[in-house]
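File shown: coords-v6.txt (compact mmCIF, C-alpha atoms).
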```txt
# COMPACT_ATOMS: atom_id res chain seq x y z
CA MET A 1 14.27 -25.98 -17.41
CA ASN A 2 13.96 -25.35 -13.69
CA VAL A 3 11.05 -23.28 -12.40
CA TYR A 4 13.10 -21.84 -9.54
CA LEU A 5 15.82 -20.73 -11.94
CA TYR A 6 13.18 -19.01 -14.06
CA ILE A 7 11.91 -17.27 -10.94
CA LEU A 8 15.43 -16.19 -9.96
CA VAL A 9 16.07 -14.72 -13.42
CA MET A 10 12.78 -12.80 -13.23
CA ALA A 11 13.53 -11.59 -9.72
CA GLY A 12 17.09 -10.53 -10.56
CA VAL A 13 16.02 -8.50 -13.58
CA SER A 14 13.06 -6.96 -11.71
CA TYR A 15 15.26 -5.88 -8.82
CA ALA A 16 18.01 -4.48 -11.06
CA ILE A 17 15.47 -2.34 -12.92
CA ARG A 18 14.19 -0.92 -9.66
CA ALA A 19 17.48 -0.49 -7.82
CA ILE A 20 19.86 0.83 -10.48
CA PRO A 21 18.34 4.32 -10.94
CA MET A 22 17.75 4.68 -7.20
CA THR A 23 21.38 3.89 -6.40
CA VAL A 24 23.07 5.54 -9.38
CA PHE A 25 21.34 8.92 -9.25
CA ARG A 26 22.61 9.99 -5.85
CA LYS A 27 22.66 13.70 -6.65
CA PRO A 28 19.83 15.88 -7.92
CA ILE A 29 19.65 16.08 -11.71
CA LYS A 30 20.18 19.72 -12.70
CA SER A 31 18.34 19.78 -16.02
CA ARG A 32 15.02 21.59 -15.68
CA PHE A 33 13.56 19.50 -18.48
CA ILE A 34 14.44 16.20 -16.77
CA GLN A 35 13.19 17.51 -13.44
CA SER A 36 9.89 18.52 -15.01
CA PHE A 37 9.66 15.26 -16.93
CA LEU A 38 10.11 13.23 -13.74
CA PHE A 39 7.61 15.47 -11.95
CA TYR A 40 4.91 14.65 -14.52
CA VAL A 41 5.74 10.92 -14.85
CA PRO A 42 3.79 9.60 -11.84
CA TYR A 43 0.53 11.35 -12.69
CA VAL A 44 0.65 10.42 -16.36
CA THR A 45 1.59 6.81 -15.76
CA LEU A 46 -1.13 6.29 -13.15
CA ALA A 47 -3.75 7.92 -15.37
CA VAL A 48 -2.69 5.79 -18.33
CA MET A 49 -2.90 2.63 -16.24
CA THR A 50 -6.33 3.53 -14.83
CA PHE A 51 -8.22 4.09 -18.04
CA PRO A 52 -9.54 2.14 -19.86
CA ALA A 53 -8.21 -0.77 -17.72
CA ILE A 54 -10.74 -0.12 -14.93
CA LEU A 55 -13.58 -0.86 -17.38
CA HIS A 56 -12.24 -4.36 -17.95
CA ALA A 57 -11.34 -5.15 -14.33
CA THR A 58 -14.92 -5.93 -13.36
CA GLN A 59 -17.44 -8.39 -14.66
CA SER A 60 -19.33 -5.73 -16.55
CA GLN A 61 -18.08 -2.49 -18.09
CA LEU A 62 -21.02 -0.72 -16.47
CA SER A 63 -19.80 -1.39 -12.93
CA GLY A 64 -16.24 -0.51 -13.95
CA ALA A 65 -17.44 2.81 -15.33
CA ALA A 66 -19.46 3.44 -12.17
CA ALA A 67 -16.39 2.73 -10.05
CA LEU A 68 -14.41 5.21 -12.15
CA ALA A 69 -17.06 7.91 -11.74
CA VAL A 70 -17.42 7.33 -8.01
CA GLY A 71 -13.64 7.31 -7.57
CA LEU A 72 -13.22 10.58 -9.48
CA VAL A 73 -15.93 12.31 -7.45
CA ALA A 74 -14.70 10.93 -4.10
CA ALA A 75 -11.09 11.95 -4.77
CA TRP A 76 -12.21 15.36 -6.02
CA LEU A 77 -14.12 15.89 -2.79
CA GLY A 78 -10.99 15.08 -0.83
CA ALA A 79 -11.34 11.39 0.11
CA ASP A 80 -7.98 9.75 0.87
CA LEU A 81 -6.58 6.59 -0.75
CA PHE A 82 -8.38 4.19 1.51
CA LYS A 83 -11.80 5.85 1.32
CA THR A 84 -11.62 6.25 -2.44
CA ALA A 85 -10.63 2.59 -2.89
CA VAL A 86 -13.42 1.40 -0.59
CA ALA A 87 -15.98 3.57 -2.40
CA CYS A 88 -14.96 2.06 -5.74
CA CYS A 89 -15.15 -1.50 -4.40
CA ALA A 90 -18.51 -0.87 -2.76
CA VAL A 91 -20.15 0.50 -5.88
CA VAL A 92 -18.98 -2.50 -7.91
CA PHE A 93 -20.14 -4.96 -5.28
CA ILE A 94 -23.58 -3.34 -4.99
CA LEU A 95 -24.09 -2.91 -8.72
CA GLU A 96 -23.06 -6.46 -9.56
CA PHE A 97 -25.19 -7.79 -6.73
CA PHE A 98 -28.39 -6.16 -7.90
CA VAL A 99 -27.98 -5.44 -11.57
CA VAL A 100 -25.72 -7.95 -13.22
CA MET B 1 8.71 9.63 17.04
CA ASP B 2 8.46 10.73 13.43
CA ARG B 3 9.51 7.37 12.00
CA LYS B 4 6.75 5.58 13.83
CA ARG B 5 4.12 8.01 12.62
CA GLU B 6 5.40 7.74 9.05
CA TYR B 7 5.41 3.96 9.26
CA LEU B 8 1.88 3.75 10.66
CA GLN B 9 0.54 6.14 8.03
CA GLY B 10 2.19 3.91 5.42
CA VAL B 11 0.48 0.85 6.88
CA ARG B 12 -2.87 2.61 6.74
CA ASP B 13 -2.42 3.58 3.10
CA GLY B 14 -0.98 0.14 2.37
CA VAL B 15 -4.05 -1.78 3.56
CA PRO B 16 -6.19 -1.12 0.46
CA ILE B 17 -3.12 -1.94 -1.61
CA GLY B 18 -2.67 -5.24 0.18
CA LEU B 19 -6.36 -6.09 -0.31
CA GLY B 20 -6.23 -5.14 -3.96
CA TYR B 21 -3.04 -7.17 -4.39
CA PHE B 22 -4.69 -10.13 -2.74
CA ALA B 23 -7.50 -10.09 -5.30
CA VAL B 24 -5.26 -9.50 -8.31
CA SER B 25 -2.61 -12.02 -7.31
CA PHE B 26 -5.31 -14.60 -6.67
CA SER B 27 -5.99 -14.70 -10.39
CA LEU B 28 -2.24 -14.86 -11.02
CA GLY B 29 -2.14 -17.90 -8.72
CA ILE B 30 -4.86 -19.61 -10.72
CA MET B 31 -2.79 -19.08 -13.84
CA ALA B 32 0.34 -20.40 -12.09
CA LYS B 33 -1.54 -23.54 -11.15
CA ASN B 34 -2.73 -24.05 -14.71
CA ILE B 35 0.83 -24.16 -15.99
CA GLY B 36 1.94 -26.51 -13.23
CA LEU B 37 3.57 -24.38 -10.52
CA THR B 38 3.24 -25.51 -6.91
CA PRO B 39 1.81 -23.07 -4.33
CA LEU B 40 5.32 -22.66 -2.88
CA GLN B 41 6.80 -21.81 -6.27
CA ALA B 42 4.01 -19.33 -6.91
CA ALA B 43 4.52 -17.73 -3.48
CA VAL B 44 8.28 -17.41 -4.00
CA MET B 45 7.72 -15.90 -7.43
CA SER B 46 5.39 -13.25 -6.00
CA LEU B 47 7.54 -12.54 -2.94
CA LEU B 48 10.60 -11.88 -5.11
CA ASN B 49 8.97 -10.12 -8.05
CA ASN B 50 6.07 -7.97 -6.86
CA ALA B 51 4.98 -7.26 -10.41
CA SER B 52 1.60 -8.15 -11.88
CA ALA B 53 2.26 -7.74 -15.58
CA GLY B 54 5.84 -8.92 -15.13
CA GLU B 55 4.79 -12.14 -13.44
CA TYR B 56 2.02 -12.71 -15.92
CA MET B 57 4.60 -12.40 -18.68
CA GLY B 58 7.00 -14.65 -16.75
CA LEU B 59 4.37 -17.36 -16.43
CA THR B 60 3.67 -17.30 -20.14
CA MET B 61 7.43 -17.65 -20.75
CA ILE B 62 7.63 -20.63 -18.38
CA ALA B 63 4.64 -22.19 -20.09
CA ALA B 64 6.33 -21.69 -23.46
CA GLY B 65 9.59 -23.24 -22.23
CA ALA B 66 11.53 -20.10 -23.08
CA THR B 67 15.29 -19.78 -22.55
CA TYR B 68 16.56 -17.90 -19.49
CA TRP B 69 17.72 -15.08 -21.77
CA GLU B 70 14.28 -14.75 -23.27
CA MET B 71 12.87 -14.69 -19.76
CA ALA B 72 15.29 -11.92 -18.76
CA LEU B 73 14.45 -9.83 -21.82
CA ALA B 74 10.69 -10.28 -21.42
CA THR B 75 10.94 -9.27 -17.76
CA LEU B 76 13.01 -6.22 -18.68
CA ILE B 77 10.48 -5.02 -21.24
CA THR B 78 7.40 -5.74 -19.17
CA ASN B 79 8.82 -4.07 -16.06
CA ALA B 80 10.67 -1.21 -17.76
CA ARG B 81 8.27 1.36 -16.34
CA TYR B 82 9.81 0.74 -12.92
CA LEU B 83 13.02 2.25 -14.31
CA LEU B 84 11.15 5.53 -14.78
CA MET B 85 9.60 5.30 -11.33
CA SER B 86 12.97 4.56 -9.77
CA CYS B 87 14.47 7.60 -11.57
CA ALA B 88 11.65 9.79 -10.29
CA MET B 89 12.10 8.47 -6.75
CA SER B 90 15.89 8.97 -6.81
CA GLN B 91 15.29 12.68 -7.32
CA ARG B 92 13.12 12.94 -4.24
CA MET B 93 15.46 11.20 -1.79
CA ASP B 94 16.87 13.15 1.13
CA PRO B 95 20.70 13.12 0.62
CA ALA B 96 21.03 12.56 4.37
CA VAL B 97 19.15 9.23 4.28
CA PRO B 98 21.62 6.30 4.57
CA PHE B 99 22.37 4.46 1.34
CA GLN B 100 20.91 1.09 2.34
CA HIS B 101 17.41 2.58 2.42
CA ARG B 102 17.65 3.04 -1.33
CA LEU B 103 18.32 -0.70 -1.67
CA PHE B 104 15.41 -1.69 0.58
CA MET B 105 12.95 0.75 -0.96
CA SER B 106 13.88 -0.43 -4.46
CA PHE B 107 12.73 -3.94 -3.65
CA ASP B 108 9.05 -3.01 -3.78
CA ILE B 109 8.77 -0.18 -6.31
CA THR B 110 5.37 -1.12 -7.69
CA ASP B 111 2.77 1.03 -9.43
CA GLU B 112 0.84 1.41 -6.20
CA LEU B 113 3.61 1.83 -3.63
CA PHE B 114 5.40 4.22 -5.95
CA GLY B 115 2.15 6.13 -6.29
CA ILE B 116 1.45 6.58 -2.59
CA THR B 117 5.09 7.24 -1.69
CA ILE B 118 5.71 9.90 -4.32
CA ALA B 119 2.32 11.56 -3.72
CA ARG B 120 3.49 12.93 -0.36
CA PRO B 121 5.15 16.34 -0.25
CA GLY B 122 8.85 16.87 0.35
CA TYR B 123 11.54 14.21 0.57
CA LEU B 124 10.42 10.60 0.31
CA SER B 125 10.11 8.81 3.61
CA PRO B 126 11.64 5.31 3.65
CA TRP B 127 9.57 4.51 6.75
CA TYR B 128 6.33 5.48 5.06
CA MET B 129 7.20 3.18 2.18
CA TYR B 130 8.10 0.31 4.54
CA GLY B 131 4.70 0.83 6.17
CA GLY B 132 3.06 0.47 2.77
CA MET B 133 5.10 -2.66 2.04
CA THR B 134 3.99 -4.31 5.29
CA PRO B 135 0.46 -5.23 4.13
CA ALA B 136 1.35 -5.14 0.42
CA ILE B 137 4.02 -7.85 0.31
CA PRO B 138 2.07 -10.51 2.24
CA GLY B 139 -1.14 -9.60 0.41
CA TRP B 140 0.53 -10.20 -2.93
CA MET B 141 2.34 -13.36 -1.87
CA ILE B 142 -0.50 -15.02 0.04
CA GLY B 143 -3.01 -14.13 -2.67
CA THR B 144 -0.85 -15.85 -5.26
CA ALA B 145 -0.35 -18.94 -3.11
CA LEU B 146 -4.06 -19.21 -2.26
CA GLY B 147 -5.01 -18.70 -5.89
CA THR B 148 -2.80 -21.68 -6.75
CA LEU B 149 -4.33 -23.72 -3.91
CA ALA B 150 -7.96 -22.76 -3.99
CA GLY B 151 -8.48 -21.81 -7.60
CA SER B 152 -12.02 -20.68 -8.06
CA LEU B 153 -13.39 -20.98 -4.52
CA LEU B 154 -13.76 -17.23 -3.99
CA PRO B 155 -17.02 -15.89 -5.45
CA LEU B 156 -16.39 -14.08 -8.71
CA ARG B 157 -18.38 -11.11 -7.43
CA VAL B 158 -15.94 -10.58 -4.56
CA VAL B 159 -12.91 -10.81 -6.83
CA SER B 160 -14.57 -8.37 -9.19
CA ALA B 161 -15.21 -5.81 -6.43
CA PHE B 162 -11.69 -6.13 -4.99
CA SER B 163 -10.07 -5.65 -8.35
CA VAL B 164 -11.08 -1.98 -8.64
CA ALA B 165 -9.40 -1.11 -5.31
CA LEU B 166 -6.10 -0.53 -7.10
CA TYR B 167 -7.67 1.84 -9.60
CA GLY B 168 -9.47 3.68 -6.81
CA MET B 169 -6.10 4.38 -5.25
CA PHE B 170 -4.59 5.54 -8.51
CA ILE B 171 -7.49 7.98 -8.88
CA ALA B 172 -6.99 9.27 -5.34
CA ILE B 173 -3.34 9.96 -6.21
CA PHE B 174 -3.71 11.92 -9.44
CA ILE B 175 -6.96 13.79 -8.80
CA PRO B 176 -5.92 16.03 -5.86
CA PRO B 177 -2.90 17.51 -7.72
CA ALA B 178 -5.00 17.76 -10.91
CA ARG B 179 -7.50 19.82 -8.99
CA LYS B 180 -4.80 22.30 -7.99
CA ASP B 181 -2.76 22.36 -11.20
CA LYS B 182 -4.28 22.90 -14.66
CA VAL B 183 -1.33 21.32 -16.48
CA ILE B 184 -1.74 18.08 -14.52
CA ALA B 185 -5.52 18.17 -15.05
CA VAL B 186 -5.09 18.46 -18.82
CA LEU B 187 -2.42 15.74 -18.75
CA VAL B 188 -4.78 13.37 -16.96
CA VAL B 189 -7.51 13.95 -19.55
CA LEU B 190 -5.01 13.48 -22.38
CA ALA B 191 -3.63 10.34 -20.71
CA PHE B 192 -7.13 8.84 -20.48
CA ALA B 193 -7.89 9.68 -24.10
CA ALA B 194 -4.54 8.47 -25.45
CA SER B 195 -4.60 5.32 -23.37
CA TRP B 196 -8.08 4.49 -24.63
CA ALA B 197 -7.04 5.24 -28.22
CA PHE B 198 -3.96 3.02 -27.88
CA SER B 199 -6.12 0.17 -26.63
CA VAL B 200 -8.35 0.16 -29.73
CA LEU B 201 -6.19 1.43 -32.62
CA PRO B 202 -4.75 -1.17 -34.96
CA MET B 203 -1.01 -1.95 -34.52
CA VAL B 204 -0.51 -0.25 -31.15
CA SER B 205 -3.28 -2.23 -29.47
CA ALA B 206 -1.22 -5.35 -30.18
CA LEU B 207 1.56 -4.05 -27.91
CA SER B 208 1.58 -5.24 -24.31
CA ASP B 209 -0.01 -3.08 -21.60
CA GLY B 210 3.41 -2.41 -20.12
CA THR B 211 4.87 -1.20 -23.40
CA ARG B 212 1.91 1.06 -24.14
CA THR B 213 2.21 2.53 -20.64
CA ILE B 214 5.89 3.31 -21.21
CA ILE B 215 5.34 4.91 -24.62
CA LEU B 216 2.47 7.09 -23.43
CA THR B 217 4.16 8.05 -20.17
CA VAL B 218 7.37 9.12 -21.90
CA ALA B 219 5.60 10.97 -24.72
CA LEU B 220 3.09 12.87 -22.59
CA SER B 221 5.49 13.68 -19.75
CA ALA B 222 8.19 14.86 -22.17
CA GLY B 223 5.66 17.01 -24.02
CA ALA B 224 4.46 18.58 -20.79
CA ALA B 225 8.03 19.10 -19.57
CA ALA B 226 8.96 20.86 -22.82
CA LEU B 227 5.86 23.07 -22.94
CA PHE B 228 5.32 23.64 -19.21
CA PRO B 229 8.62 23.25 -17.36
CA ARG B 230 8.25 23.40 -13.59
CA LYS B 231 9.77 26.20 -11.60
CA GLU B 232 12.26 25.15 -8.93
CA GLU B 233 10.00 25.84 -5.99
CA GLU B 234 7.16 23.81 -7.51
CA ALA B 235 9.12 20.58 -7.49
CA ASP B 236 7.22 19.29 -4.48
CA ALA B 237 3.74 20.34 -5.60
```
Would it be possible to restate this file's structure as structure tokens?
Amino acid sequence: MNVYLYILVMAGVSYAIRAIPMTVFRKPIKSRFIQSFLFYVPYVTLAVMTFPAILHATQSQLSGAAALAVGLVAAWLGADLFKTAVACCAVVFILEFFVV
Amino acid sequence: MDRKREYLQGVRDGVPIGLGYFAVSFSLGIMAKNIGLTPLQAAVMSLLNNASAGEYMGLTMIAAGATYWEMALATLITNARYLLMSCAMSQRMDPAVPFQHRLFMSFDITDELFGITIARPGYLSPWYMYGGMTPAIPGWMIGTALGTLAGSLLPLRVVSAFSVALYGMFIAIFIPPARKDKVIAVLVVLAFAASWAFSVLPMVSALSDGTRTIILTVALSAGAAALFPRKEEEADA
């Protein structure tokens, strides 16, 4: 078995998954249900991927939970992507520096 | 010009993504090294795949000496959520945008780039997405290669801090609309609760992260679409 062939198979499948809907659905889908479904998809999928995964991303669940709390507050107060991400990183770095 | 502004804004939003990718792919590189990949192989894998869970799965298949068909199937299942994201993106494309942009944008539909691109109002901007890809692709590729080369040289504390950058961005994407829209707010709370439940309940917790994400995304989004269909003019909320 050749590692590069494995990589090509992975890459081909990954690209097909990403490109087929984008290139096939050239016209707006009329169904209100499908439209609504696709409207909700990004928010649901990002929320699902955030929690509880963020708790296990750090060395201690405490700093992961703190990062979640800080991120929620920062985003609620209107911080953009970059500021929210930096705030989350900073709180983990500080907490794990002093506490853990 | 508009394109330039879009592109530069994409770069700005892509920087935390690139940094987060660097940290995450570093650990992927360490894994690649452990199963015998060279730094070049690891870099090529990351350049062409741009998928954390997908590559993780791919490496376990390589380690297991799987057939190419098994590799294809495993990749399909692990990355199936990108099908949903690609569908969602196809509905937000300006019909006037030339076709080849759809091909280029598709190359890097990841959780994060999808998130920042779709979070902006109106038609999707290919140039904004290319801006996001500019730090993201090298961050992911170089992180993987360095992880394979340098293994555990980076202090664990730094890796740990970097690794929440991605989640910070996710939060910054779903919180502003949740603040404005009660349905989205309730969905976010339900998504947190269901995702946590799925991670601890017997049976379902044995499923891969990717599969659980697909099941929960489809179920919750379909439920919300059935109970709270959007009105036409809200489509860009």
Within 6 Å of chain A, which residues of chain B are there when counting all atoms listed in the file? Please give them as a ChimeraX atom specification. /B:16,45,48-49,82-83,86-88,90-91,106,160-162,164-165,167-170,172,174,188,191-192,195-196,217,221-222,225,229-230
Hey, can you spit out that residue selection with C-alpha atoms as a PDB file, in the frame of the given file?
```
ATOM      1  CA  PRO B  16      -6.190  -1.120   0.460  1.00  0.00           C
ATOM      2  CA  MET B  45       7.720 -15.900  -7.430  1.00  0.00           C
ATOM      3  CA  LEU B  48      10.600 -11.880  -5.110  1.00  0.00           C
ATOM      4  CA  ASN B  49       8.970 -10.120  -8.050  1.00  0.00           C
ATOM      5  CA  TYR B  82       9.810   0.740 -12.920  1.00  0.00           C
ATOM      6  CA  LEU B  83      13.020   2.250 -14.310  1.00  0.00           C
ATOM      7  CA  SER B  86      12.970   4.560  -9.770  1.00  0.00           C
ATOM      8  CA  CYS B  87      14.470   7.600 -11.570  1.00  0.00           C
ATOM      9  CA  ALA B  88      11.650   9.790 -10.290  1.00  0.00           C
ATOM     10  CA  SER B  90      15.890   8.970  -6.810  1.00  0.00           C
ATOM     11  CA  GLN B  91      15.290  12.680  -7.320  1.00  0.00           C
ATOM     12  CA  SER B 106      13.880  -0.430  -4.460  1.00  0.00           C
ATOM     13  CA  SER B 160     -14.570  -8.370  -9.190  1.00  0.00           C
ATOM     14  CA  ALA B 161     -15.210  -5.810  -6.430  1.00  0.00           C
ATOM     15  CA  PHE B 162     -11.690  -6.130  -4.990  1.00  0.00           C
ATOM     16  CA  VAL B 164     -11.080  -1.980  -8.640  1.00  0.00           C
ATOM     17  CA  ALA B 165      -9.400  -1.110  -5.310  1.00  0.00           C
ATOM     18  CA  TYR B 167      -7.670   1.840  -9.600  1.00  0.00           C
ATOM     19  CA  GLY B 168      -9.470   3.680  -6.810  1.00  0.00           C
ATOM     20  CA  MET B 169      -6.100   4.380  -5.250  1.00  0.00           C
ATOM     21  CA  PHE B 170      -4.590   5.540  -8.510  1.00  0.00           C
ATOM     22  CA  ALA B 172      -6.990   9.270  -5.340  1.00  0.00           C
ATOM     23  CA  PHE B 174      -3.710  11.920  -9.440  1.00  0.00           C
ATOM     24  CA  VAL B 188      -4.780  13.370 -16.960  1.00  0.00           C
ATOM     25  CA  ALA B 191      -3.630  10.340 -20.710  1.00  0.00           C
ATOM     26  CA  PHE B 192      -7.130   8.840 -20.480  1.00  0.00           C
ATOM     27  CA  SER B 195      -4.600   5.320 -23.370  1.00  0.00           C
ATOM     28  CA  TRP B 196      -8.080   4.490 -24.630  1.00  0.00           C
ATOM     29  CA  THR B 217       4.160   8.050 -20.170  1.00  0.00           C
ATOM     30  CA  SER B 221       5.490  13.680 -19.750  1.00  0.00           C
ATOM     31  CA  ALA B 222       8.190  14.860 -22.170  1.00  0.00           C
ATOM     32  CA  ALA B 225       8.030  19.100 -19.570  1.00  0.00           C
ATOM     33  CA  PRO B 229       8.620  23.250 -17.360  1.00  0.00           C
ATOM     34  CA  ARG B 230       8.250  23.400 -13.590  1.00  0.00           C
TER      35      ARG B 230
END
```
Distance CA of Gly58 (chain B)-CA of Gly139 (chain B), one decimal place?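 These two atoms are separated by 19.7 Å.
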Nearest-residue call for Ala80 (chain B), choices B:Ala51, B:Leu153, B:Val24, B:Leu190, using only C-alpha atoms: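 Nearest candidate to Ala80 (chain B) out of B:Ala51, B:Leu153, B:Val24, B:Leu190: B:Ala51.
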Between CA of Ala63 (chain B) and CA of Gly143 (chain B) - distance in Å to one decimal: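 Separation of CA of Gly143 (chain B) and CA of Ala63 (chain B): 20.7 Å.
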Give the answer as one residue: which of B:Ala23, B:Leu84, B:Val97, B:Met129 has the shortest atom-to-atom distance to Leu8 (chain B), using only C-alpha atoms?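 Of all the options, B:Met129 lies closest to Leu8 (chain B).
Across the structure, CA of Gly122 (chain B) and CA of Arg92 (chain B) are spaced 7.4 Å apart.
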Neighbour list for Thr78 (chain B) as an MDAnalysis selection string, cut-off 9 Å, all atoms listed in the file, skip fewer than 6 positions in-chain: chainID B and resid 53:55 57 208:211
For the residues in that selection, give me C-alpha atoms as an mmCIF file, keeping the file's coordinate frame.
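Contents of part_36.cif, as written:
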```
data_model
loop_
_atom_site.group_PDB
_atom_site.id
_atom_site.type_symbol
_atom_site.label_atom_id
_atom_site.label_comp_id
_atom_site.auth_asym_id
_atom_site.auth_seq_id
_atom_site.Cartn_x
_atom_site.Cartn_y
_atom_site.Cartn_z
ATOM 1 C CA ALA B 53 2.260 -7.740 -15.580
ATOM 2 C CA GLY B 54 5.840 -8.920 -15.130
ATOM 3 C CA GLU B 55 4.790 -12.140 -13.440
ATOM 4 C CA MET B 57 4.600 -12.400 -18.680
ATOM 5 C CA SER B 208 1.580 -5.240 -24.310
ATOM 6 C CA ASP B 209 -0.010 -3.080 -21.600
ATOM 7 C CA GLY B 210 3.410 -2.410 -20.120
ATOM 8 C CA THR B 211 4.870 -1.200 -23.400
#
```
Complete the atoms of region 79-94 of chain A to N, CA and C atoms and put them out as a short mmCIF file (atom, residue, chain, number, x, y, z; two decimals), in the coordinates of the input.
```cif
data_model
loop_
_atom_site.label_atom_id
_atom_site.label_comp_id
_atom_site.auth_asym_id
_atom_site.auth_seq_id
_atom_site.Cartn_x
_atom_site.Cartn_y
_atom_site.Cartn_z
N ALA A 79 -11.50 12.69 -0.55
CA ALA A 79 -11.34 11.39 0.11
C ALA A 79 -9.89 10.91 -0.05
N ASP A 80 -9.35 10.23 0.97
CA ASP A 80 -7.98 9.75 0.87
C ASP A 80 -7.94 8.43 0.10
N LEU A 81 -6.74 7.82 0.04
CA LEU A 81 -6.58 6.59 -0.75
C LEU A 81 -7.55 5.50 -0.32
N PHE A 82 -7.58 5.29 1.00
CA PHE A 82 -8.38 4.19 1.51
C PHE A 82 -9.86 4.40 1.23
N LYS A 83 -10.37 5.59 1.51
CA LYS A 83 -11.80 5.85 1.32
C LYS A 83 -12.17 5.76 -0.16
N THR A 84 -11.32 6.31 -1.01
CA THR A 84 -11.62 6.25 -2.44
C THR A 84 -11.67 4.80 -2.91
N ALA A 85 -10.67 4.00 -2.48
CA ALA A 85 -10.63 2.59 -2.89
C ALA A 85 -11.87 1.84 -2.40
N VAL A 86 -12.25 2.09 -1.14
CA VAL A 86 -13.42 1.40 -0.59
C VAL A 86 -14.68 1.81 -1.34
N ALA A 87 -14.80 3.11 -1.66
CA ALA A 87 -15.98 3.57 -2.40
C ALA A 87 -16.08 2.87 -3.76
N CYS A 88 -14.96 2.73 -4.44
CA CYS A 88 -14.96 2.06 -5.74
C CYS A 88 -15.37 0.60 -5.60
N CYS A 89 -14.81 -0.09 -4.61
CA CYS A 89 -15.15 -1.50 -4.40
C CYS A 89 -16.63 -1.65 -4.08
N ALA A 90 -17.13 -0.76 -3.20
CA ALA A 90 -18.51 -0.87 -2.76
C ALA A 90 -19.48 -0.71 -3.93
N VAL A 91 -19.20 0.26 -4.79
CA VAL A 91 -20.15 0.50 -5.88
C VAL A 91 -20.17 -0.70 -6.84
N VAL A 92 -19.02 -1.32 -7.04
CA VAL A 92 -18.98 -2.50 -7.91
C VAL A 92 -19.74 -3.66 -7.27
N PHE A 93 -19.49 -3.85 -5.97
CA PHE A 93 -20.14 -4.96 -5.28
C PHE A 93 -21.66 -4.80 -5.32
N ILE A 94 -22.13 -3.59 -5.03
CA ILE A 94 -23.58 -3.34 -4.99
C ILE A 94 -24.18 -3.49 -6.38
#
```
